[in-house]
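Have a look at coords_28.txt below; it lists compact mmCIF, C-alpha atoms.
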```txt
# COMPACT_ATOMS: atom_id res chain seq x y z
CA MET P 64 -3.60 -14.95 4.18
CA GLY P 65 -6.41 -13.46 6.14
CA MET P 66 -9.49 -12.14 4.45
CA PHE P 67 -8.96 -8.56 5.58
CA ASP P 68 -5.21 -8.33 4.87
CA GLY P 69 -5.90 -5.90 2.04
CA LEU P 70 -7.66 -3.51 4.37
CA GLU P 71 -4.92 -3.77 7.00
CA ILE P 72 -2.22 -3.05 4.42
CA SER P 73 -4.05 0.04 3.17
CA ALA P 74 -4.66 1.11 6.78
CA SER P 75 -0.91 0.92 7.45
CA GLY P 76 -0.38 3.15 4.41
CA LEU P 77 -2.92 5.64 5.75
CA THR P 78 -1.18 5.71 9.15
CA ALA P 79 2.23 6.26 7.56
CA GLU P 80 1.05 9.03 5.22
CA ARG P 81 -0.86 10.75 8.02
CA MET P 82 2.36 10.66 10.07
CA ARG P 83 4.17 12.34 7.15
CA MET P 84 1.50 15.05 7.03
CA ASP P 85 1.79 15.56 10.82
CA VAL P 86 5.55 15.95 10.57
CA VAL P 87 5.22 18.44 7.70
CA ALA P 88 2.78 20.43 9.83
CA GLN P 89 5.25 20.29 12.73
CA ASN P 90 8.06 21.54 10.47
CA LEU P 91 5.95 24.40 9.10
CA ALA P 92 4.74 25.37 12.58
CA ASN P 93 8.35 25.52 13.78
CA ALA P 94 9.82 27.25 10.73
CA GLN P 95 10.84 30.23 12.90
CA THR P 96 11.53 28.44 16.21
CA THR P 97 14.95 29.35 17.56
CA ARG P 98 14.53 27.44 20.82
CA GLY P 99 13.63 23.81 20.30
CA ALA P 100 13.11 21.13 22.95
CA ASP P 101 16.90 20.78 23.38
CA GLY P 102 17.44 24.55 23.61
CA GLN P 103 18.93 24.60 20.11
CA PRO P 104 17.18 26.00 17.01
CA TYR P 105 14.53 23.61 15.65
CA ARG P 106 15.78 21.12 13.06
CA ARG P 107 13.56 19.90 10.25
CA GLN P 108 12.21 16.39 10.88
CA GLU P 109 11.73 13.72 8.27
CA VAL P 110 9.74 10.47 8.38
CA VAL P 111 11.66 7.36 7.30
CA LEU P 112 9.32 4.71 5.93
CA GLN P 113 10.08 1.03 5.80
CA GLU P 114 8.25 -2.00 4.45
CA ARG P 115 6.53 -4.01 7.17
CA THR P 116 6.96 -7.75 6.78
CA PRO P 117 5.27 -10.12 9.18
CA THR P 118 8.14 -12.18 10.56
CA SER P 119 6.06 -14.40 12.80
CA GLY P 120 2.67 -16.01 12.63
CA PHE P 121 1.06 -18.58 10.42
CA GLY P 122 1.05 -16.53 7.21
CA ALA P 123 4.77 -15.84 7.30
CA ALA P 124 5.62 -19.46 8.15
CA LEU P 125 3.42 -20.73 5.32
CA ALA P 126 4.92 -18.33 2.78
CA GLY P 127 8.41 -19.35 3.85
CA ALA P 128 7.58 -23.05 3.61
CA MET P 129 6.06 -22.59 0.15
CA GLY P 130 9.26 -21.01 -1.12
CA GLY P 131 7.56 -17.71 -1.80
CA ARG P 132 8.79 -14.30 -0.89
CA THR P 133 10.23 -13.83 2.62
CA GLY P 134 6.77 -12.93 3.85
CA THR P 135 3.26 -12.07 2.84
CA PRO P 136 2.67 -8.38 2.14
CA GLY P 137 2.44 -6.60 5.47
CA GLY P 138 2.13 -2.95 4.49
CA VAL P 139 4.35 -0.11 5.58
CA GLN P 140 5.57 1.30 8.88
CA VAL P 141 7.40 4.35 10.15
CA ALA P 142 10.98 3.27 10.88
CA GLN P 143 12.00 6.52 12.55
CA ILE P 144 11.54 10.27 12.55
CA ALA P 145 15.00 11.56 11.68
CA LYS P 146 16.36 15.06 12.18
CA ASP P 147 17.66 16.80 9.08
CA GLN P 148 21.35 17.50 9.76
CA THR P 149 21.82 20.06 6.97
CA PRO P 150 23.29 23.38 8.23
CA LEU P 151 20.95 25.87 9.88
CA LYS P 152 20.24 29.18 8.17
CA ARG P 153 22.04 32.26 9.50
CA VAL P 154 19.98 35.42 9.45
CA TYR P 155 21.25 38.89 10.38
CA ASP P 156 18.90 40.23 13.05
CA PRO P 157 20.81 42.03 15.83
CA GLY P 158 17.63 42.83 17.78
CA HIS P 159 16.75 39.16 18.24
CA PRO P 160 17.31 37.84 21.80
CA ASP P 161 19.06 34.74 20.39
CA ALA P 162 21.47 36.71 18.17
CA ASP P 163 25.18 36.00 18.63
CA ALA P 164 27.91 38.66 19.19
CA ASN P 165 27.93 39.50 15.46
CA GLY P 166 24.14 39.94 15.28
CA TYR P 167 23.43 36.66 13.49
CA VAL P 168 20.59 34.32 14.53
CA GLN P 169 20.59 30.60 13.76
CA MET P 170 17.23 29.84 12.13
CA PRO P 171 15.70 26.38 11.51
CA ASN P 172 16.66 24.57 8.30
CA VAL P 173 13.00 24.37 7.25
CA ASP P 174 12.25 25.25 3.63
CA SER P 175 8.53 25.96 3.41
CA VAL P 176 8.40 25.28 -0.36
CA SER P 177 9.84 21.77 -0.05
CA GLU P 178 7.54 21.16 2.94
CA MET P 179 4.55 22.03 0.77
CA VAL P 180 5.79 19.60 -1.90
CA ASP P 181 6.12 16.87 0.75
CA LEU P 182 2.62 17.70 1.97
CA ILE P 183 1.12 17.29 -1.52
CA SER P 184 3.03 14.04 -2.02
CA ALA P 185 1.76 12.66 1.30
CA GLN P 186 -1.78 13.79 0.52
CA ARG P 187 -1.81 12.07 -2.89
CA ALA P 188 -0.34 8.89 -1.42
CA TYR P 189 -3.03 9.00 1.28
CA GLU P 190 -5.73 9.25 -1.40
CA ALA P 191 -4.17 6.31 -3.27
CA ASN P 192 -4.40 4.19 -0.12
CA VAL P 193 -8.03 5.23 0.38
CA THR P 194 -8.76 4.11 -3.20
CA ALA P 195 -7.10 0.75 -2.55
CA MET P 196 -9.14 0.39 0.63
CA GLN P 197 -12.38 1.14 -1.19
CA ALA P 198 -11.52 -1.43 -3.88
CA ALA P 199 -10.88 -4.07 -1.19
CA LYS P 200 -14.12 -3.22 0.58
CA GLN P 201 -16.08 -3.44 -2.67
CA MET P 202 -14.51 -6.81 -3.48
CA PHE P 203 -15.44 -8.23 -0.08
CA SER P 204 -19.03 -7.07 -0.33
CA LYS P 205 -19.36 -8.48 -3.86
CA THR P 206 -18.03 -11.83 -2.67
CA LEU P 207 -20.43 -11.82 0.25
CA GLU P 208 -23.31 -11.16 -2.13
CA LEU P 209 -22.71 -14.66 -3.52
CA LEU P 210 -24.30 -15.99 -0.36
CA ARG P 211 -27.60 -14.28 -0.97
CA MET Z 119 -22.38 -29.71 -12.65
CA LEU Z 120 -22.52 -28.12 -9.22
CA PHE Z 121 -18.79 -28.38 -8.64
CA ASP Z 122 -17.48 -28.67 -12.20
CA THR Z 123 -14.25 -27.28 -13.65
CA THR Z 124 -15.76 -23.89 -14.48
CA GLN Z 125 -16.99 -23.40 -10.92
CA LEU Z 126 -13.59 -24.37 -9.60
CA ALA Z 127 -11.83 -22.04 -12.05
CA LEU Z 128 -14.10 -19.16 -11.00
CA GLN Z 129 -13.38 -19.90 -7.36
CA ARG Z 130 -9.63 -19.89 -7.96
CA ALA Z 131 -9.88 -16.68 -10.03
CA ILE Z 132 -11.73 -14.92 -7.19
CA GLU Z 133 -9.09 -16.20 -4.77
CA GLY Z 134 -6.25 -15.03 -7.05
CA ALA Z 135 -7.78 -11.58 -7.54
CA ALA Z 136 -8.21 -11.16 -3.76
CA MET Z 137 -4.56 -12.12 -3.25
CA ARG Z 138 -3.42 -9.76 -6.01
CA GLN Z 139 -5.40 -6.98 -4.35
CA THR Z 140 -3.29 -7.30 -1.20
CA ALA Z 141 -0.08 -7.23 -3.27
CA LEU Z 142 -1.14 -4.08 -5.15
CA ALA Z 143 -2.37 -2.45 -1.91
CA ASN Z 144 1.06 -3.19 -0.43
CA ASN Z 145 2.72 -1.45 -3.40
CA LEU Z 146 0.56 1.64 -2.88
CA ALA Z 147 1.17 1.61 0.88
CA ASN Z 148 4.91 1.57 0.14
CA ALA Z 149 4.73 4.24 -2.58
CA ASN Z 150 7.08 6.42 -0.51
CA THR Z 151 9.38 3.72 0.86
CA PRO Z 152 12.87 4.13 -0.60
CA GLY Z 153 14.30 0.98 -2.17
CA TYR Z 154 10.99 -0.91 -2.10
CA GLN Z 155 10.59 -3.53 -4.86
CA ARG Z 156 7.03 -3.86 -6.15
CA VAL Z 157 5.28 -7.21 -5.75
CA ASP Z 158 2.57 -8.86 -7.80
CA VAL Z 159 0.58 -12.11 -8.00
CA ASP Z 160 0.56 -13.65 -11.48
CA PHE Z 161 -2.54 -15.80 -11.04
CA HIS Z 162 -3.50 -15.47 -14.72
CA SER Z 163 -0.68 -17.61 -16.06
CA ALA Z 164 -1.01 -20.11 -13.19
CA LEU Z 165 -4.74 -20.51 -13.99
CA GLY Z 166 -4.04 -20.56 -17.73
CA ARG Z 167 -1.52 -23.38 -17.32
CA ALA Z 168 -3.93 -25.38 -15.15
CA LEU Z 169 -6.86 -24.91 -17.55
CA GLY Z 170 -4.65 -25.82 -20.51
CA SER Z 171 -3.79 -29.24 -19.14
CA GLY Z 172 -6.78 -30.94 -20.86
CA THR Z 173 -8.48 -33.74 -18.94
CA GLY Z 174 -6.27 -33.12 -15.90
CA ALA Z 175 -7.50 -29.54 -15.63
CA ARG Z 176 -9.63 -30.20 -12.59
CA SER Z 177 -6.90 -31.69 -10.43
CA ALA Z 178 -4.42 -29.13 -11.77
CA LEU Z 179 -6.79 -26.35 -10.68
CA GLU Z 180 -7.09 -27.88 -7.24
CA ARG Z 181 -3.30 -28.12 -6.89
CA THR Z 182 -2.44 -24.68 -8.29
CA GLY Z 183 -1.13 -22.29 -5.65
CA PHE Z 184 -0.58 -18.58 -6.08
CA SER Z 185 2.31 -16.72 -4.54
CA THR Z 186 3.35 -13.12 -4.10
CA GLN Z 187 6.49 -12.52 -6.14
CA THR Z 188 8.87 -9.58 -6.36
CA ASP Z 189 8.62 -7.93 -9.77
CA GLY Z 190 12.04 -6.77 -10.93
CA THR Z 191 10.93 -5.56 -14.37
CA GLY Z 192 9.68 -2.08 -13.48
CA ALA Z 193 11.64 1.15 -13.99
CA VAL Z 194 13.73 2.06 -10.94
CA ARG Z 195 13.09 5.49 -9.44
CA ALA Z 196 15.77 7.81 -8.08
CA ASP Z 197 15.13 6.52 -4.52
CA GLY Z 198 15.53 2.87 -5.61
CA SER Z 199 11.80 2.07 -5.53
CA THR Z 200 10.10 0.40 -8.48
CA VAL Z 201 6.56 1.60 -7.65
CA ASP Z 202 4.69 3.83 -10.10
CA PRO Z 203 1.59 4.90 -8.11
CA ASP Z 204 -0.45 5.64 -11.27
CA ALA Z 205 0.30 2.23 -12.77
CA GLU Z 206 -0.52 0.56 -9.44
CA ALA Z 207 -3.85 2.39 -9.20
CA ALA Z 208 -4.72 1.34 -12.76
CA LYS Z 209 -3.82 -2.29 -12.02
CA LEU Z 210 -5.86 -2.13 -8.83
CA ALA Z 211 -8.94 -0.87 -10.70
CA ALA Z 212 -8.54 -3.52 -13.42
CA ASN Z 213 -8.11 -6.24 -10.79
CA ALA Z 214 -11.24 -5.14 -8.91
CA LEU Z 215 -13.26 -5.27 -12.14
CA GLU Z 216 -11.87 -8.70 -12.95
CA HIS Z 217 -12.82 -9.90 -9.48
CA GLN Z 218 -16.29 -8.43 -9.90
CA ALA Z 219 -16.70 -10.16 -13.27
CA ALA Z 220 -15.75 -13.55 -11.81
CA VAL Z 221 -18.11 -13.05 -8.86
CA GLN Z 222 -20.92 -11.99 -11.21
CA VAL Z 223 -20.49 -15.11 -13.37
CA ALA Z 224 -20.45 -17.30 -10.25
CA ALA Z 225 -23.61 -15.60 -8.98
CA THR Z 226 -25.36 -16.11 -12.33
CA ARG Z 227 -24.42 -19.79 -12.35
CA ASN Z 228 -25.81 -20.12 -8.85
CA ALA Z 229 -29.03 -18.44 -9.97
CA ILE Z 230 -29.36 -20.85 -12.91
CA LEU Z 231 -28.87 -23.82 -10.59
CA ASN Z 232 -31.43 -22.38 -8.19
CA ILE Z 233 -34.01 -22.15 -10.97
CA ALA Z 234 -33.18 -25.69 -12.14
CA MET Z 235 -33.76 -26.92 -8.60
CA GLY Z 236 -37.20 -25.37 -8.61
CA ALA Z 237 -36.57 -22.36 -6.41
CA ARG Z 238 -38.51 -19.23 -7.21
```

Just dump the structure as structure tokens.
Amino acid sequence: MGMFDGLEISASGLTAERMRMDVVAQNLANAQTTRGADGQPYRRQEVVLQERTPTSGFGAALAGAMGGRTGTPGGVQVAQIAKDQTPLKRVYDPGHPDADANGYVQMPNVDSVSEMVDLISAQRAYEANVTAMQAAKQMFSKTLELLR
Amino acid sequence: MLFDTTQLALQRAIEGAAMRQTALANNLANANTPGYQRVDVDFHSALGRALGSGTGARSALERTGFSTQTDGTGAVRADGSTVDPDAEAAKLAANALEHQAAVQVAATRNAILNIAMGAR
């Protein structure tokens, strides 16, 4: 176990939660986009998080040899950014250039209310990781004060 | 006196609290990971067992190792995770205070030794 593992773990949490906030912002920005990168209406994106376990290195080998958990805590990582495959919304707007023969336009499946909820959740989780980082930092500095 | 059982116990407690901090930080980092099982380091009972072994306490303290264990006792959320961010934050704060207390006692002991050795 390295001395600064605690900071690295919290940093991985910050990266992951920031990624969630970025994706929420992307979804909100594209809530009305009828022409995405693939020419189709934009589909809501979702971040899939996964626990990061160090599978190589001294720490992991030691933990395995000592019969502990499969690895030392390694933080979190973004496994993938998945597209939400729920059906797109159909809106009647005959004047829209992307309307079909019946006057319906396929709109993105972004629900701004649930995006806001995701944003708050990511923001709170980000703050929790900052708190954990501050606690780790304080502990290190207190330990170092022993040398004075 | 310089490296007696108390000093060793303090050292191990500081070590255990630092290790527990990484486990709790990992829980908070994975607060939004579906299916994640929370982990913890139970260094209290390991230290308690070592200190309770009478005259062999010193060698028991030296041999005691801490490990990060999966905690299966928590309530399971709808997404399969067992992390309660509020509870983790509270544990983290308590652990930091505990660490600070152990460091403070160690620092005071060092100061006493310094005075005894004639330092000013």

Problem set entry | Residue among P:Thr96, P:Gln197, P:Asn192, P:Thr149 lying closest to chain Z, counting all atoms listed in the file | P:Asn192

Seminar exercise, completed: In terms of all atoms listed in the file, the residue from Z:Gly166, Z:Ala207, Z:Ala212, Z:Ala225 at minimal distance from P:Glu190 is Z:Ala207

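Picture a line from atom CA of P:Lys152 to atom CA of P:Gln169; it runs 5.8 Å.
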
Seminar exercise, completed: Among P:Ser73, P:Ser204, P:Asn172, P:Asn90, P:Ile144 is approached most closely, using all atoms listed in the file, by P:Asn90

For this session: Using only C-alpha atoms, find the residues of chain P whose closest atom to chain Z is at most 9 Å away, then write them as a ChimeraX atom specification.
Result: /P:64,66-70,72-77,79-80,111-114,126,129-132,134-140,184-185,188-189,191-192,194-196,198-199,201-203,205-206,208-210

Same residues, C-alpha atoms, output as a PDB file, in the frame of the given file:
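Result file follows (out_15.pdb):
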```pdb
ATOM      1  CA  MET P  64      -3.600 -14.950   4.180  1.00  0.00           C
ATOM      2  CA  MET P  66      -9.490 -12.140   4.450  1.00  0.00           C
ATOM      3  CA  PHE P  67      -8.960  -8.560   5.580  1.00  0.00           C
ATOM      4  CA  ASP P  68      -5.210  -8.330   4.870  1.00  0.00           C
ATOM      5  CA  GLY P  69      -5.900  -5.900   2.040  1.00  0.00           C
ATOM      6  CA  LEU P  70      -7.660  -3.510   4.370  1.00  0.00           C
ATOM      7  CA  ILE P  72      -2.220  -3.050   4.420  1.00  0.00           C
ATOM      8  CA  SER P  73      -4.050   0.040   3.170  1.00  0.00           C
ATOM      9  CA  ALA P  74      -4.660   1.110   6.780  1.00  0.00           C
ATOM     10  CA  SER P  75      -0.910   0.920   7.450  1.00  0.00           C
ATOM     11  CA  GLY P  76      -0.380   3.150   4.410  1.00  0.00           C
ATOM     12  CA  LEU P  77      -2.920   5.640   5.750  1.00  0.00           C
ATOM     13  CA  ALA P  79       2.230   6.260   7.560  1.00  0.00           C
ATOM     14  CA  GLU P  80       1.050   9.030   5.220  1.00  0.00           C
ATOM     15  CA  VAL P 111      11.660   7.360   7.300  1.00  0.00           C
ATOM     16  CA  LEU P 112       9.320   4.710   5.930  1.00  0.00           C
ATOM     17  CA  GLN P 113      10.080   1.030   5.800  1.00  0.00           C
ATOM     18  CA  GLU P 114       8.250  -2.000   4.450  1.00  0.00           C
ATOM     19  CA  ALA P 126       4.920 -18.330   2.780  1.00  0.00           C
ATOM     20  CA  MET P 129       6.060 -22.590   0.150  1.00  0.00           C
ATOM     21  CA  GLY P 130       9.260 -21.010  -1.120  1.00  0.00           C
ATOM     22  CA  GLY P 131       7.560 -17.710  -1.800  1.00  0.00           C
ATOM     23  CA  ARG P 132       8.790 -14.300  -0.890  1.00  0.00           C
ATOM     24  CA  GLY P 134       6.770 -12.930   3.850  1.00  0.00           C
ATOM     25  CA  THR P 135       3.260 -12.070   2.840  1.00  0.00           C
ATOM     26  CA  PRO P 136       2.670  -8.380   2.140  1.00  0.00           C
ATOM     27  CA  GLY P 137       2.440  -6.600   5.470  1.00  0.00           C
ATOM     28  CA  GLY P 138       2.130  -2.950   4.490  1.00  0.00           C
ATOM     29  CA  VAL P 139       4.350  -0.110   5.580  1.00  0.00           C
ATOM     30  CA  GLN P 140       5.570   1.300   8.880  1.00  0.00           C
ATOM     31  CA  SER P 184       3.030  14.040  -2.020  1.00  0.00           C
ATOM     32  CA  ALA P 185       1.760  12.660   1.300  1.00  0.00           C
ATOM     33  CA  ALA P 188      -0.340   8.890  -1.420  1.00  0.00           C
ATOM     34  CA  TYR P 189      -3.030   9.000   1.280  1.00  0.00           C
ATOM     35  CA  ALA P 191      -4.170   6.310  -3.270  1.00  0.00           C
ATOM     36  CA  ASN P 192      -4.400   4.190  -0.120  1.00  0.00           C
ATOM     37  CA  THR P 194      -8.760   4.110  -3.200  1.00  0.00           C
ATOM     38  CA  ALA P 195      -7.100   0.750  -2.550  1.00  0.00           C
ATOM     39  CA  MET P 196      -9.140   0.390   0.630  1.00  0.00           C
ATOM     40  CA  ALA P 198     -11.520  -1.430  -3.880  1.00  0.00           C
ATOM     41  CA  ALA P 199     -10.880  -4.070  -1.190  1.00  0.00           C
ATOM     42  CA  GLN P 201     -16.080  -3.440  -2.670  1.00  0.00           C
ATOM     43  CA  MET P 202     -14.510  -6.810  -3.480  1.00  0.00           C
ATOM     44  CA  PHE P 203     -15.440  -8.230  -0.080  1.00  0.00           C
ATOM     45  CA  LYS P 205     -19.360  -8.480  -3.860  1.00  0.00           C
ATOM     46  CA  THR P 206     -18.030 -11.830  -2.670  1.00  0.00           C
ATOM     47  CA  GLU P 208     -23.310 -11.160  -2.130  1.00  0.00           C
ATOM     48  CA  LEU P 209     -22.710 -14.660  -3.520  1.00  0.00           C
ATOM     49  CA  LEU P 210     -24.300 -15.990  -0.360  1.00  0.00           C
TER      50      LEU P 210
END
```

Seminar exercise, completed: atom CA of Z:Thr182 sits from atom CA of Z:Leu165 at a separation of 7.4 Å

Exercise. Hey, what's within 8 Å of P:Arg153 if we count all atoms listed in the file and toss same-chain stuff fewer than 5 positions away? As JSON, numbers by chain, please?
Worked result: {"P": [167, 168, 169, 170]}

Exercise. Nearest to P:Asp85: which of P:Val110, P:Val180, P:Val173, P:Val193 is it, counting all atoms listed in the file?
Worked result: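 Checking each candidate against P:Asp85, we get P:Val110 as the closest.
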
Problem set entry | For atom CA of P:Ala100 and atom CA of P:Asn165, the interatomic separation in Å (one decimal) |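 Atom CA of P:Ala100 sits 24.8 Å away from atom CA of P:Asn165.
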